[in-house]
Amino acid sequence: MVMQMLQSLIKNVWVPMKPYYTQVYQEIWAGMGLMAFIVYKIRSADKRSKALKASSPEPARGHH
Amino acid sequence: MNENLFASFMIPVVLGIPITTLTIMFPTMLFPTPNRLINNRMVAIQQWLTKLTSKQLMITHSPKGQTWSLMLISLFLFIASTNLLGMLPHSFTPTTQLSMNLGMAIPLWAGTVFIGFRNKTKMSLAHLLPLGTPTFLIPMLVMIETISLFIQPLALAVRLTANITAGHLLLHLIGSATLALMSINLFTALITFIILTLLIILEFAVALIQAYVFTLLVSLYLQDNT
């Protein structure tokens with residue numbers, strides 16, 4: 001069933017859209033790579049700041 | 001009251017699983033794929049509207065720019081349908097999330113910039129300097145134009161997010177104000193209700209206009225670069 005789904009996907013999506021995905025949208029794929037890089041940077045910075053906040057000792061006076 | 005106000009902007013969760021992808025894909029169910037030459041009424045109306053929009057949007061582009069028609073029309077249809085579906089009370093609107101709008105704006109804007117750099121390097125760099133600037137202003141103006149170039153994706157995303165979120169929030173607030181005023185002073189409640197009605201009409205217009213503005217700006221960036 002998975003093979004049939006894959007075949008139907010290829011026949012109905014990939015074949016008509018092949019010139020778009022391979023030629024017209026090349027720059028958009030590059031833009032998506034840029035976006036993925038930005039998302040990775042933001043997520044790692046968030047993780048680093050959360051780890052720092054968790055590991056550092058909390059101030060004795062508490063939050064203001 | 002605070003928790004209640006922002007409840008409609010929280011990601012919908014079913015049995016502990018966030019169903020964001022399903023919510024985003026839902027508007028596609030409203031646009032059936034036509035398989036015949038002459039279709040039913042709903043598909044015929046959609047085809048007519050699509051043709052009208054695509055002609056108006058893409059006629060000013062060069063042939064290379066017109067290869068993006070599919071992308072731009074899909075973008076417009078997606079944002080318009082998502083915003084209009086968000087007008088249903090208590091529904092979740094994906095375009096209120098900055099993450100999604102940035103996800104739409106950054107790849108498309110970067111795509112237009114890369115097209116310009118790749119095919120017409122000198123012309124796309126020349127866009128960084130407006131015509132007829134005095135010589136001593138050139139360095140500062142190039143810096144300003146570069147900054148304005150990099151702000152474009154942020155502006156696209158934040159414009160859409162802020163407009164839709166603010167509209168929904170305002171409707172929520174004025175609606176609850178109307179409800180609260182009904183037990184205090186009926187006349188004021190009526191005035192507030194009229195304000196609410198006008199705001200709803202405005203929100204419908206904003207939903208469509210914002211979709212159009214997003215797509216138009218992307219097409220303008222494309223035109224500059226093709």
# chains A, B, ... in the order shown; residues from 1 in each chain; ligands from 1
>>> interface_residues(of="chain B", to="chain A", cutoff="7 Å", atoms="only C-alpha atoms", output="ChimeraX atom specification")
/B:67,106-108,110-111,114-115
>>> write_last_selection(atoms="N, CA, C and O atoms", output="mmCIF file, in the first residue's frame")
data_model
loop_
_atom_site.group_PDB
_atom_site.id
_atom_site.type_symbol
_atom_site.label_atom_id
_atom_site.label_comp_id
_atom_site.auth_asym_id
_atom_site.auth_seq_id
_atom_site.Cartn_x
_atom_site.Cartn_y
_atom_site.Cartn_z
ATOM 1 N N THR B 67 7.084 32.832 -14.528
ATOM 2 C CA THR B 67 7.204 31.440 -14.104
ATOM 3 C C THR B 67 6.827 31.284 -12.636
ATOM 4 O O THR B 67 6.583 30.180 -12.169
ATOM 5 N N ILE B 106 10.606 34.525 4.496
ATOM 6 C CA ILE B 106 12.053 34.421 4.286
ATOM 7 C C ILE B 106 12.402 33.651 3.017
ATOM 8 O O ILE B 106 13.181 34.158 2.202
ATOM 9 N N PRO B 107 11.859 32.440 2.770
ATOM 10 C CA PRO B 107 12.253 31.748 1.538
ATOM 11 C C PRO B 107 11.864 32.519 0.277
ATOM 12 O O PRO B 107 12.647 32.596 -0.669
ATOM 13 N N LEU B 108 10.661 33.134 0.262
ATOM 14 C CA LEU B 108 10.248 33.833 -0.952
ATOM 15 C C LEU B 108 11.100 35.070 -1.198
ATOM 16 O O LEU B 108 11.548 35.322 -2.318
ATOM 17 N N ALA B 110 14.164 35.653 -0.030
ATOM 18 C CA ALA B 110 15.513 35.200 -0.372
ATOM 19 C C ALA B 110 15.548 34.681 -1.809
ATOM 20 O O ALA B 110 16.519 34.904 -2.528
ATOM 21 N N GLY B 111 14.452 34.014 -2.245
ATOM 22 C CA GLY B 111 14.378 33.544 -3.619
ATOM 23 C C GLY B 111 14.485 34.691 -4.612
ATOM 24 O O GLY B 111 15.235 34.618 -5.593
ATOM 25 N N PHE B 114 18.104 36.024 -4.580
ATOM 26 C CA PHE B 114 19.068 35.137 -5.249
ATOM 27 C C PHE B 114 18.870 35.154 -6.760
ATOM 28 O O PHE B 114 19.842 35.082 -7.513
ATOM 29 N N ILE B 115 17.582 35.233 -7.214
ATOM 30 C CA ILE B 115 17.343 35.305 -8.661
ATOM 31 C C ILE B 115 18.039 36.528 -9.230
ATOM 32 O O ILE B 115 18.692 36.470 -10.269
#
>>> select_by_dssp(residues="chain A", states="alpha helix (DSSP H)", output="ChimeraX atom specification")
/A:2-9,15-19,26-55
>>> write_last_selection(atoms="C-alpha atoms", output="compact mmCIF listing (two decimals), in the first residue's frame")
# COMPACT_ATOMS: atom_id res chain seq x y z
CA VAL A 2 2.89 2.33 0.73
CA MET A 3 4.33 1.58 -2.73
CA GLN A 4 0.95 2.40 -4.32
CA MET A 5 0.78 5.66 -2.38
CA LEU A 6 4.32 6.52 -3.46
CA GLN A 7 3.53 5.72 -7.11
CA SER A 8 0.38 7.85 -7.01
CA LEU A 9 2.33 10.67 -5.36
CA VAL A 15 5.65 14.48 -12.80
CA PRO A 16 3.55 17.63 -13.40
CA MET A 17 5.65 19.76 -11.02
CA LYS A 18 9.11 18.51 -12.07
CA PRO A 19 10.13 21.60 -14.13
CA GLN A 26 15.94 26.66 -7.32
CA GLU A 27 16.38 29.98 -5.56
CA ILE A 28 13.42 29.25 -3.28
CA TRP A 29 15.09 26.00 -2.16
CA ALA A 30 18.18 28.06 -1.38
CA GLY A 31 15.97 30.47 0.58
CA MET A 32 14.49 27.53 2.49
CA GLY A 33 18.01 26.43 3.36
CA LEU A 34 18.71 29.92 4.67
CA MET A 35 15.50 29.77 6.72
CA ALA A 36 16.43 26.33 8.13
CA PHE A 37 19.82 27.73 9.11
CA ILE A 38 18.16 30.68 10.90
CA VAL A 39 15.73 28.33 12.69
CA TYR A 40 18.65 26.13 13.78
CA LYS A 41 20.54 29.16 15.12
CA ILE A 42 17.50 30.45 17.04
CA ARG A 43 16.69 27.02 18.48
CA SER A 44 20.27 26.38 19.62
CA ALA A 45 20.53 29.83 21.18
CA ASP A 46 17.27 29.22 23.02
CA LYS A 47 18.50 25.82 24.22
CA ARG A 48 21.80 27.33 25.36
CA SER A 49 20.10 30.13 27.28
CA LYS A 50 17.66 27.69 28.92
CA ALA A 51 20.53 25.39 29.94
CA LEU A 52 22.41 28.35 31.34
CA LYS A 53 19.40 29.49 33.31
CA ALA A 54 18.82 25.99 34.68
CA SER A 55 22.42 25.36 35.69
>>> closest_residue(among="B:Ile73, B:Met104, B:Val158, B:Leu131", to="B:Leu216", atoms="only C-alpha atoms")
B:Ile73
>>> closest_residue(among="B:Leu171, B:Ala180, B:Leu77, B:Leu137", to="B:Phe31", atoms="only C-alpha atoms")
B:Leu77
>>> residues_around(residues="stretch 4-18 of chain B", least_positions_apart="2", cutoff="10 Å", atoms="only C-alpha atoms", output="list in words")
Met1, Asn2, Thr20, Thr21, Leu22, Thr23, Pro89, His90, Ser91, Phe92, Thr93, Pro94, Thr95, Thr96, Gln97, Thr165, His168, Leu169, Leu170, His172, Leu173 and Ser176 of chain B
